[in-house]
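Engineer: One file is attached below, upload-v1.txt, containing compact mmCIF, C-alpha atoms.
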```
# COMPACT_ATOMS: atom_id res chain seq x y z
CA MET A 1 -36.09 67.47 264.44
CA SER A 2 -38.59 65.36 262.56
CA GLU A 3 -36.48 65.73 259.40
CA GLN A 4 -33.35 64.42 261.13
CA THR A 5 -32.43 61.09 262.60
CA VAL A 6 -31.32 61.76 266.13
CA ILE A 7 -29.30 59.15 267.96
CA PRO A 8 -30.15 59.43 271.64
CA ALA A 9 -27.35 60.57 273.93
CA PRO A 10 -28.47 59.65 277.45
CA PRO A 11 -26.24 60.00 280.50
CA SER A 12 -23.29 57.64 280.38
CA GLY A 13 -23.11 54.65 282.65
CA PRO A 14 -20.24 53.86 285.03
CA ASP A 15 -16.82 54.11 283.46
CA VAL A 16 -15.33 50.62 283.47
CA HIS A 17 -11.83 52.11 283.28
CA ALA A 18 -12.28 54.52 286.19
CA GLY A 19 -10.36 52.37 288.67
CA ARG A 20 -7.27 52.09 286.50
CA SER A 21 -6.06 55.67 286.94
CA PRO A 22 -7.61 57.24 290.06
CA GLY A 23 -4.94 59.93 290.17
CA VAL A 24 -5.77 61.16 286.68
CA HIS A 25 -9.49 61.20 287.43
CA ALA A 26 -8.90 63.08 290.68
CA ALA A 27 -6.71 65.70 288.98
CA LEU A 28 -9.26 66.23 286.22
CA SER A 29 -12.05 66.50 288.79
CA VAL A 30 -10.10 69.21 290.61
CA MET A 31 -9.56 71.18 287.40
CA GLU A 32 -13.22 70.84 286.34
CA LEU A 33 -14.39 72.14 289.70
CA VAL A 34 -11.90 75.00 289.79
CA VAL A 35 -12.81 76.06 286.24
CA ALA A 36 -16.55 75.86 287.00
CA GLN A 37 -16.54 77.60 290.39
CA GLY A 38 -13.13 79.26 290.87
CA ARG A 39 -11.32 80.24 294.08
CA LEU A 40 -11.77 77.05 296.04
CA GLY A 41 -9.77 76.03 299.09
CA LEU A 42 -8.75 72.51 299.99
CA GLY A 43 -11.75 72.23 302.30
CA ASP A 44 -14.12 73.18 299.48
CA LEU A 45 -12.50 70.67 297.13
CA ALA A 46 -12.57 67.91 299.74
CA ARG A 47 -16.23 68.55 300.49
CA GLU A 48 -17.26 68.59 296.82
CA LEU A 49 -15.08 65.72 295.59
CA LYS A 50 -15.16 63.51 298.69
CA LEU A 51 -11.37 63.14 298.60
CA PRO A 52 -8.81 63.44 301.44
CA LYS A 53 -7.17 66.82 301.85
CA SER A 54 -3.75 65.16 301.72
CA THR A 55 -4.51 63.77 298.26
CA LEU A 56 -5.88 67.09 297.06
CA HIS A 57 -2.88 68.97 298.43
CA ARG A 58 -0.51 66.84 296.31
CA ILE A 59 -2.68 67.24 293.21
CA CYS A 60 -3.00 71.01 293.62
CA ALA A 61 0.75 71.39 294.21
CA ILE A 62 1.43 69.69 290.87
CA LEU A 63 -1.23 71.77 289.08
CA VAL A 64 0.29 74.98 290.46
CA ASP A 65 3.81 73.86 289.56
CA ARG A 66 2.76 73.11 285.97
CA GLY A 67 0.81 76.35 285.57
CA TRP A 68 -2.67 74.79 285.40
CA ALA A 69 -3.75 76.46 288.65
CA ILE A 70 -2.69 79.33 290.87
CA ARG A 71 -2.94 79.62 294.65
CA ASP A 72 -3.88 82.98 296.21
CA GLU A 73 -2.82 84.38 299.58
CA GLN A 74 -5.83 82.74 301.27
CA GLY A 75 -4.81 79.32 299.94
CA ARG A 76 -7.62 79.16 297.38
CA TYR A 77 -7.12 77.79 293.89
CA GLU A 78 -8.26 79.12 290.53
CA PRO A 79 -7.35 78.43 286.87
CA GLY A 80 -3.76 79.14 285.91
CA VAL A 81 -2.29 80.53 282.71
CA ARG A 82 -2.18 77.17 280.94
CA ALA A 83 -5.85 76.47 281.63
CA ILE A 84 -6.76 79.95 280.42
CA GLY A 85 -4.61 79.53 277.31
CA LEU A 86 -6.31 76.25 276.50
CA GLY A 87 -9.71 77.90 276.74
CA SER A 88 -8.63 80.63 274.35
CA ARG A 89 -8.14 78.01 271.63
CA ALA A 90 -11.88 77.26 271.66
CA ALA A 91 -12.37 79.99 269.06
CA ASP A 92 -10.33 77.90 266.60
CA LEU A 93 -12.47 74.75 266.91
CA PRO A 94 -14.15 73.83 263.59
CA ILE A 95 -17.65 73.88 265.08
CA VAL A 96 -17.04 77.38 266.50
CA THR A 97 -15.57 78.84 263.30
CA GLY A 98 -18.41 77.19 261.37
CA PHE A 99 -20.93 78.71 263.78
CA ARG A 100 -19.61 82.23 263.26
CA HIS A 101 -19.80 81.87 259.48
CA THR A 102 -23.23 80.22 259.51
CA VAL A 103 -25.03 82.73 261.72
CA ALA A 104 -23.76 85.82 259.86
CA ARG A 105 -27.00 86.08 257.86
CA LEU A 106 -29.09 85.64 260.99
CA MET A 107 -27.16 88.43 262.70
CA THR A 108 -27.45 90.74 259.69
CA ARG A 109 -31.22 90.27 259.37
CA PHE A 110 -32.20 90.46 263.04
CA ASP A 111 -29.22 91.85 265.00
CA GLU A 112 -29.90 89.69 268.06
CA THR A 113 -27.43 87.75 270.21
CA VAL A 114 -26.77 84.23 268.92
CA CYS A 115 -25.01 81.57 271.02
CA LEU A 116 -23.55 78.12 270.46
CA ALA A 117 -24.12 75.72 273.36
CA VAL A 118 -22.96 72.23 274.28
CA LEU A 119 -24.23 69.87 276.97
CA ASP A 120 -22.10 69.27 280.07
CA GLY A 121 -23.81 66.79 282.38
CA GLN A 122 -27.19 68.32 283.24
CA GLU A 123 -26.24 71.83 282.12
CA SER A 124 -26.19 73.69 278.84
CA VAL A 125 -22.98 75.73 278.40
CA PHE A 126 -22.35 78.59 275.97
CA VAL A 127 -19.07 78.03 274.10
CA ALA A 128 -19.35 80.84 271.52
CA ILE A 129 -21.38 84.05 271.29
CA GLU A 130 -22.11 86.57 268.55
CA GLU A 131 -23.29 89.76 270.24
CA THR A 132 -26.05 92.10 269.08
CA THR A 133 -25.32 95.80 268.65
CA GLN A 134 -28.61 96.63 270.38
CA PRO A 135 -28.18 98.51 273.68
CA VAL A 136 -30.79 96.30 275.40
CA ARG A 137 -29.48 92.74 275.29
CA LEU A 138 -28.91 89.54 277.22
CA GLN A 139 -25.88 89.91 279.48
CA THR A 140 -24.09 86.62 278.89
CA TRP A 141 -20.63 85.18 278.44
CA VAL A 142 -18.77 82.13 277.15
CA GLY A 143 -18.97 79.52 279.88
CA ARG A 144 -22.39 80.59 281.15
CA ARG A 145 -24.41 77.61 282.31
CA SER A 146 -28.15 76.93 282.52
CA PRO A 147 -30.06 73.87 283.72
CA ALA A 148 -30.72 71.68 280.69
CA PHE A 149 -34.35 71.06 281.66
CA ALA A 150 -35.05 74.81 281.77
CA SER A 151 -33.14 76.30 278.82
CA ALA A 152 -34.06 76.17 275.14
CA SER A 153 -30.63 74.81 274.20
CA GLY A 154 -30.73 72.22 276.98
CA ARG A 155 -34.15 71.02 275.87
CA VAL A 156 -32.79 70.51 272.36
CA PHE A 157 -30.27 68.05 273.82
CA LEU A 158 -32.75 66.34 276.13
CA ALA A 159 -35.22 65.88 273.27
CA ALA A 160 -32.66 63.51 271.73
CA TRP A 161 -32.75 61.26 274.80
CA PRO A 162 -35.17 58.35 275.09
CA ALA A 163 -38.11 59.13 277.36
CA GLU A 164 -36.93 56.52 279.87
CA SER A 165 -33.53 58.24 280.17
CA VAL A 166 -35.22 61.59 280.83
CA ALA A 167 -37.39 59.95 283.48
CA ALA A 168 -34.39 58.26 285.10
CA GLU A 169 -32.50 61.55 285.26
CA PHE A 170 -35.28 63.93 286.37
CA ALA A 171 -38.11 61.93 287.97
CA GLY A 172 -38.58 62.82 291.62
CA ARG A 173 -36.57 66.02 291.31
CA THR A 174 -37.93 69.49 291.97
CA LEU A 175 -37.71 71.23 288.59
CA ILE A 176 -37.62 74.98 289.16
CA THR A 177 -36.28 77.24 286.42
CA PRO A 178 -33.86 80.12 287.17
CA THR A 179 -36.78 82.59 287.10
CA GLY A 180 -38.82 80.51 289.53
CA ARG A 181 -41.25 78.67 287.27
CA ARG A 182 -41.92 75.25 288.74
CA LEU A 183 -42.56 72.40 286.33
CA ARG A 184 -45.41 70.19 287.49
CA ASP A 185 -43.28 67.04 287.35
CA VAL A 186 -41.13 65.08 284.91
CA GLY A 187 -44.31 64.45 282.90
CA GLU A 188 -44.50 68.15 282.02
CA LEU A 189 -40.85 68.06 280.95
CA GLN A 190 -41.62 65.05 278.75
CA GLU A 191 -44.47 67.00 277.13
CA ILE A 192 -42.15 69.93 276.42
CA LEU A 193 -39.54 67.63 274.88
CA ALA A 194 -42.17 65.89 272.74
CA GLY A 195 -43.00 69.33 271.31
CA VAL A 196 -39.32 69.96 270.57
CA ARG A 197 -39.10 66.65 268.67
CA ARG A 198 -42.26 67.51 266.75
CA ASP A 199 -41.30 71.10 265.86
CA GLY A 200 -37.54 70.70 265.38
CA PHE A 201 -36.79 73.63 267.71
CA ALA A 202 -37.19 74.62 271.36
CA GLU A 203 -38.55 77.91 272.67
CA ASN A 204 -38.25 79.48 276.08
CA HIS A 205 -40.32 82.36 277.41
CA GLU A 206 -38.72 84.00 280.48
CA GLU A 207 -37.69 80.72 282.12
CA THR A 208 -33.95 81.42 282.28
CA ALA A 209 -34.11 85.24 282.52
CA VAL A 210 -36.94 87.70 283.07
CA GLY A 211 -37.81 89.57 279.88
CA LEU A 212 -35.99 87.11 277.61
CA TYR A 213 -37.26 84.97 274.75
CA THR A 214 -34.94 82.29 273.36
CA ALA A 215 -35.21 79.77 270.54
CA SER A 216 -32.79 76.94 269.83
CA VAL A 217 -32.15 74.32 267.13
CA PRO A 218 -29.87 71.28 267.09
CA VAL A 219 -26.57 70.86 265.26
CA VAL A 220 -26.14 67.20 264.33
CA ASN A 221 -23.40 65.13 262.69
CA GLU A 222 -23.88 62.63 259.88
CA PRO A 223 -25.03 59.74 262.13
CA GLY A 224 -27.58 62.13 263.66
CA THR A 225 -26.01 62.75 267.07
CA VAL A 226 -26.73 66.20 268.53
CA LEU A 227 -23.35 67.93 268.84
CA ALA A 228 -24.47 71.42 269.83
CA ALA A 229 -27.35 73.87 269.78
CA ILE A 230 -27.68 77.31 268.18
CA THR A 231 -29.72 79.71 270.31
CA VAL A 232 -31.10 83.16 269.53
CA CYS A 233 -31.66 85.42 272.55
CA VAL A 234 -34.21 88.25 272.15
CA PRO A 235 -35.65 90.64 274.75
CA THR A 236 -39.42 90.09 274.90
CA SER A 237 -39.89 93.78 274.05
CA ARG A 238 -38.48 93.06 270.56
CA ILE A 239 -40.43 89.90 269.74
CA ASP A 240 -43.83 89.60 268.10
CA ALA A 241 -45.54 86.92 266.01
CA ALA A 242 -44.13 88.05 262.66
CA ARG A 243 -40.56 88.53 263.96
CA ARG A 244 -40.72 85.18 265.77
CA GLU A 245 -41.62 83.41 262.53
CA GLY A 246 -38.77 85.10 260.68
CA ILE A 247 -36.23 84.27 263.37
CA LEU A 248 -37.34 80.63 263.58
CA GLY A 249 -37.09 80.25 259.81
CA ASP A 250 -33.55 81.63 259.61
CA LEU A 251 -32.50 79.83 262.79
CA THR A 252 -33.67 76.49 261.42
CA ALA A 253 -31.77 77.14 258.19
CA ALA A 254 -28.63 78.00 260.17
CA GLY A 255 -28.92 74.78 262.16
CA ARG A 256 -29.15 72.73 258.98
CA ALA A 257 -26.24 74.57 257.36
CA LEU A 258 -23.93 74.11 260.34
CA SER A 259 -25.00 70.47 260.65
CA HIS A 260 -23.92 69.99 257.03
CA ASP A 261 -20.57 71.68 257.65
CA VAL A 262 -19.74 69.57 260.73
CA ALA A 263 -21.32 66.31 259.58
CA TRP A 264 -17.87 64.68 259.73
CA MET A 265 -17.35 65.43 263.42
CA PRO A 266 -17.57 62.59 265.94
CA ALA A 267 -19.87 62.89 268.93
CA PHE A 268 -18.38 64.45 272.02
CA SER A 269 -19.72 64.77 275.53
CA ALA A 270 -18.57 65.74 278.99
CA ARG A 271 -19.43 64.52 282.43
CA ARG A 272 -18.10 65.27 285.87
CA ARG A 273 -17.12 62.85 288.59
```
Output the file's structure as structure tokens, nothing else.
Structural biologist:
Amino acid sequence: MSEQTVIPAPPSGPDVHAGRSPGVHAALSVMELVVAQGRLGLGDLARELKLPKSTLHRICAILVDRGWAIRDEQGRYEPGVRAIGLGSRAADLPIVTGFRHTVARLMTRFDETVCLAVLDGQESVFVAIEETTQPVRLQTWVGRRSPAFASASGRVFLAAWPAESVAAEFAGRTLITPTGRRLRDVGELQEILAGVRRDGFAENHEETAVGLYTASVPVVNEPGTVLAAITVCVPTSRIDAARREGILGDLTAAGRALSHDVAWMPAFSARRR
């Protein structure tokens, strides 16, 4: 990232407009939770969102009526046909179509799974995937989430934050990766992110899945804001020093190429309430 100007994207502060449309915010919060977790009853929603069941009942009735949610025989809610249809349009987004074109050479040379990720709150989320033809591969899917502090793609995003924002977000928290590695403290995370800024890429050795090596580079727009991350996922049995160097070289080139193609795009982010 040393060759790019990265505008930090720390967590947003309080929304000054939040009080003007509480119903809209509540409805969106319901949909975000249902999409993320699925099959939630009114009790689950009330517990997670800290809203009265009466309010949630009215919201869910409207969502069901409009096709954004469905209600099963146990009274639990999950995404409806309209929500699913909206998600299917993700493949047509410019950054996704650009990703598929850009990583074609990477796929041809190495035949390893390549993913496009965005940051949602404190999680990295895969929004597009190009699968390897190898029988041994990462089992993943669009919508898969990983803690930002633990994943290669998430660390690419966090490296664009000022150190004080990283400290404010993670200091005092227990930082344990999905495979059980415990970071010493936020200071160790800061050291990792300093290396990402220095090298221009992030690497991950078996911190999100046992037997998996991943490497990730940023996709930035013209002002330098990190829009997304391109990640290569390789079983550790297929990685050695020479192959690692080759993958990192092509991955870095792909990140620069996609950054050029989407330089016009404005920054986008997501956060839950």
Engineer: Pick out the residues sitting within 9 Å of stretch 67-72 of chain A, and hand them over as a PyMOL selection string; count all atoms listed in the file, and ignore anything fewer than 2 positions along from it in its own chain.
Structural biologist: chain A and resi 31+34+39+41+60-65+74-84
Engineer: So, counting all atoms listed in the file, which residue among A:Pro135, A:Pro22, A:Gly246, A:Gly143 is closest to A:Val35?
Structural biologist: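 Closest residue, counting all atoms listed in the file: A:Gly143.
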Engineer: Which value, in Å to one decimal, gives the distance between atom CA of A:Ile230 and atom CA of A:Ala168?
Structural biologist: 26.3 Å
Engineer: Rank nothing, just name the residue among A:Ala160, A:Phe170, A:Thr177, A:Gly249 nearest to A:Pro147, using all atoms listed in the file.
Structural biologist: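 When distances to A:Pro147 are compared using all atoms listed in the file, the smallest one comes from A:Thr177.
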Engineer: Need the shell around stretch 127-133 of chain A: protein/DNA/RNA residues with any atom at most 6 Å away, counting only C-alpha atoms. Skip same-chain ones fewer than 6 positions apart. Format as a ChimeraX atom specification?
Structural biologist: /A:111-117,142-143
Engineer: Using all atoms listed in the file, can you tell me which of A:Leu49, A:Ala241, A:Ser21, A:Glu206 comes closest to A:Leu33?
Structural biologist: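 Result for the nearest residue to A:Leu33: A:Leu49.
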Engineer: Find the residue from A:Arg184, A:Arg256, A:Arg155, A:Arg197 that sits nearest to A:Ala215; use all atoms listed in the file when measuring.
Structural biologist: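 The shortest atom-to-atom distance to A:Ala215 comes from A:Arg155.
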Engineer: Counting all atoms listed in the file, figure out which residue out of A:Asp120, A:Glu245, A:Asp92, A:Asp240 gets nearest to A:Ala148.
Structural biologist: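 Of A:Asp120, A:Glu245, A:Asp92, A:Asp240, the one nearest A:Ala148 is A:Asp120, counting all atoms listed in the file.
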Engineer: Which neighbours of A:Thr208 fall inside 8 Å, counting only C-alpha atoms, when residues of the same chain fewer than 6 positions from it are skipped, and could you give them as a ChimeraX atom specification?
Structural biologist: /A:146,150-151,177-179
Engineer: Taking 3 positions as the minimum chain separation for residues in the same chain, which residues sit within 12 Å of stretch 94-101 of chain A when counting all atoms listed in the file? Answer as a compact mmCIF listing (two decimals) with C-alpha atoms, in the coordinates of the input.
Structural biologist:
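Printed below is selection20.txt as written:
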```txt
# COMPACT_ATOMS: atom_id res chain seq x y z
CA SER A 88 -8.63 80.63 274.35
CA ARG A 89 -8.14 78.01 271.63
CA ALA A 90 -11.88 77.26 271.66
CA ALA A 91 -12.37 79.99 269.06
CA ALA A 104 -23.76 85.82 259.86
CA ARG A 105 -27.00 86.08 257.86
CA LEU A 106 -29.09 85.64 260.99
CA MET A 107 -27.16 88.43 262.70
CA THR A 108 -27.45 90.74 259.69
CA THR A 113 -27.43 87.75 270.21
CA VAL A 114 -26.77 84.23 268.92
CA CYS A 115 -25.01 81.57 271.02
CA LEU A 116 -23.55 78.12 270.46
CA ALA A 117 -24.12 75.72 273.36
CA VAL A 118 -22.96 72.23 274.28
CA PHE A 126 -22.35 78.59 275.97
CA VAL A 127 -19.07 78.03 274.10
CA ALA A 128 -19.35 80.84 271.52
CA ILE A 129 -21.38 84.05 271.29
CA GLU A 130 -22.11 86.57 268.55
CA GLU A 131 -23.29 89.76 270.24
CA VAL A 142 -18.77 82.13 277.15
CA VAL A 219 -26.57 70.86 265.26
CA VAL A 220 -26.14 67.20 264.33
CA ASN A 221 -23.40 65.13 262.69
CA LEU A 227 -23.35 67.93 268.84
CA ALA A 228 -24.47 71.42 269.83
CA ALA A 229 -27.35 73.87 269.78
CA ILE A 230 -27.68 77.31 268.18
CA THR A 231 -29.72 79.71 270.31
CA LEU A 251 -32.50 79.83 262.79
CA ALA A 254 -28.63 78.00 260.17
CA GLY A 255 -28.92 74.78 262.16
CA ARG A 256 -29.15 72.73 258.98
CA ALA A 257 -26.24 74.57 257.36
CA LEU A 258 -23.93 74.11 260.34
CA SER A 259 -25.00 70.47 260.65
CA HIS A 260 -23.92 69.99 257.03
CA ASP A 261 -20.57 71.68 257.65
CA VAL A 262 -19.74 69.57 260.73
CA ALA A 263 -21.32 66.31 259.58
CA TRP A 264 -17.87 64.68 259.73
CA MET A 265 -17.35 65.43 263.42
CA PRO A 266 -17.57 62.59 265.94
CA ALA A 267 -19.87 62.89 268.93
CA PHE A 268 -18.38 64.45 272.02
```
Engineer: In Å, how far is it from atom CA of A:Leu193 to atom CA of A:Ala163?
Structural biologist: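 Calculated distance between atom CA of A:Leu193 and atom CA of A:Ala163 is 9.0 Å.
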Engineer: Determine the nearest neighbour of A:Ile59 from the options A:Arg244, A:Arg182, A:Val24, A:Leu40, counting all atoms listed in the file.
Structural biologist: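 The closest residue to A:Ile59 is A:Val24.
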Engineer: In Å to one decimal, how far is atom CA of A:Thr214 from atom CA of A:Gln139?
Structural biologist: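 Taking atom CA of A:Gln139 and atom CA of A:Thr214, their separation equals 13.3 Å.
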Engineer: Set the distance at 10 Å and use only C-alpha atoms: which residues neighbour A:Gly195 once local chain neighbours fewer than 6 positions away are removed? I'd like the list as a PyMOL selection string.
Structural biologist: chain A and resi 1+159+189+201-203
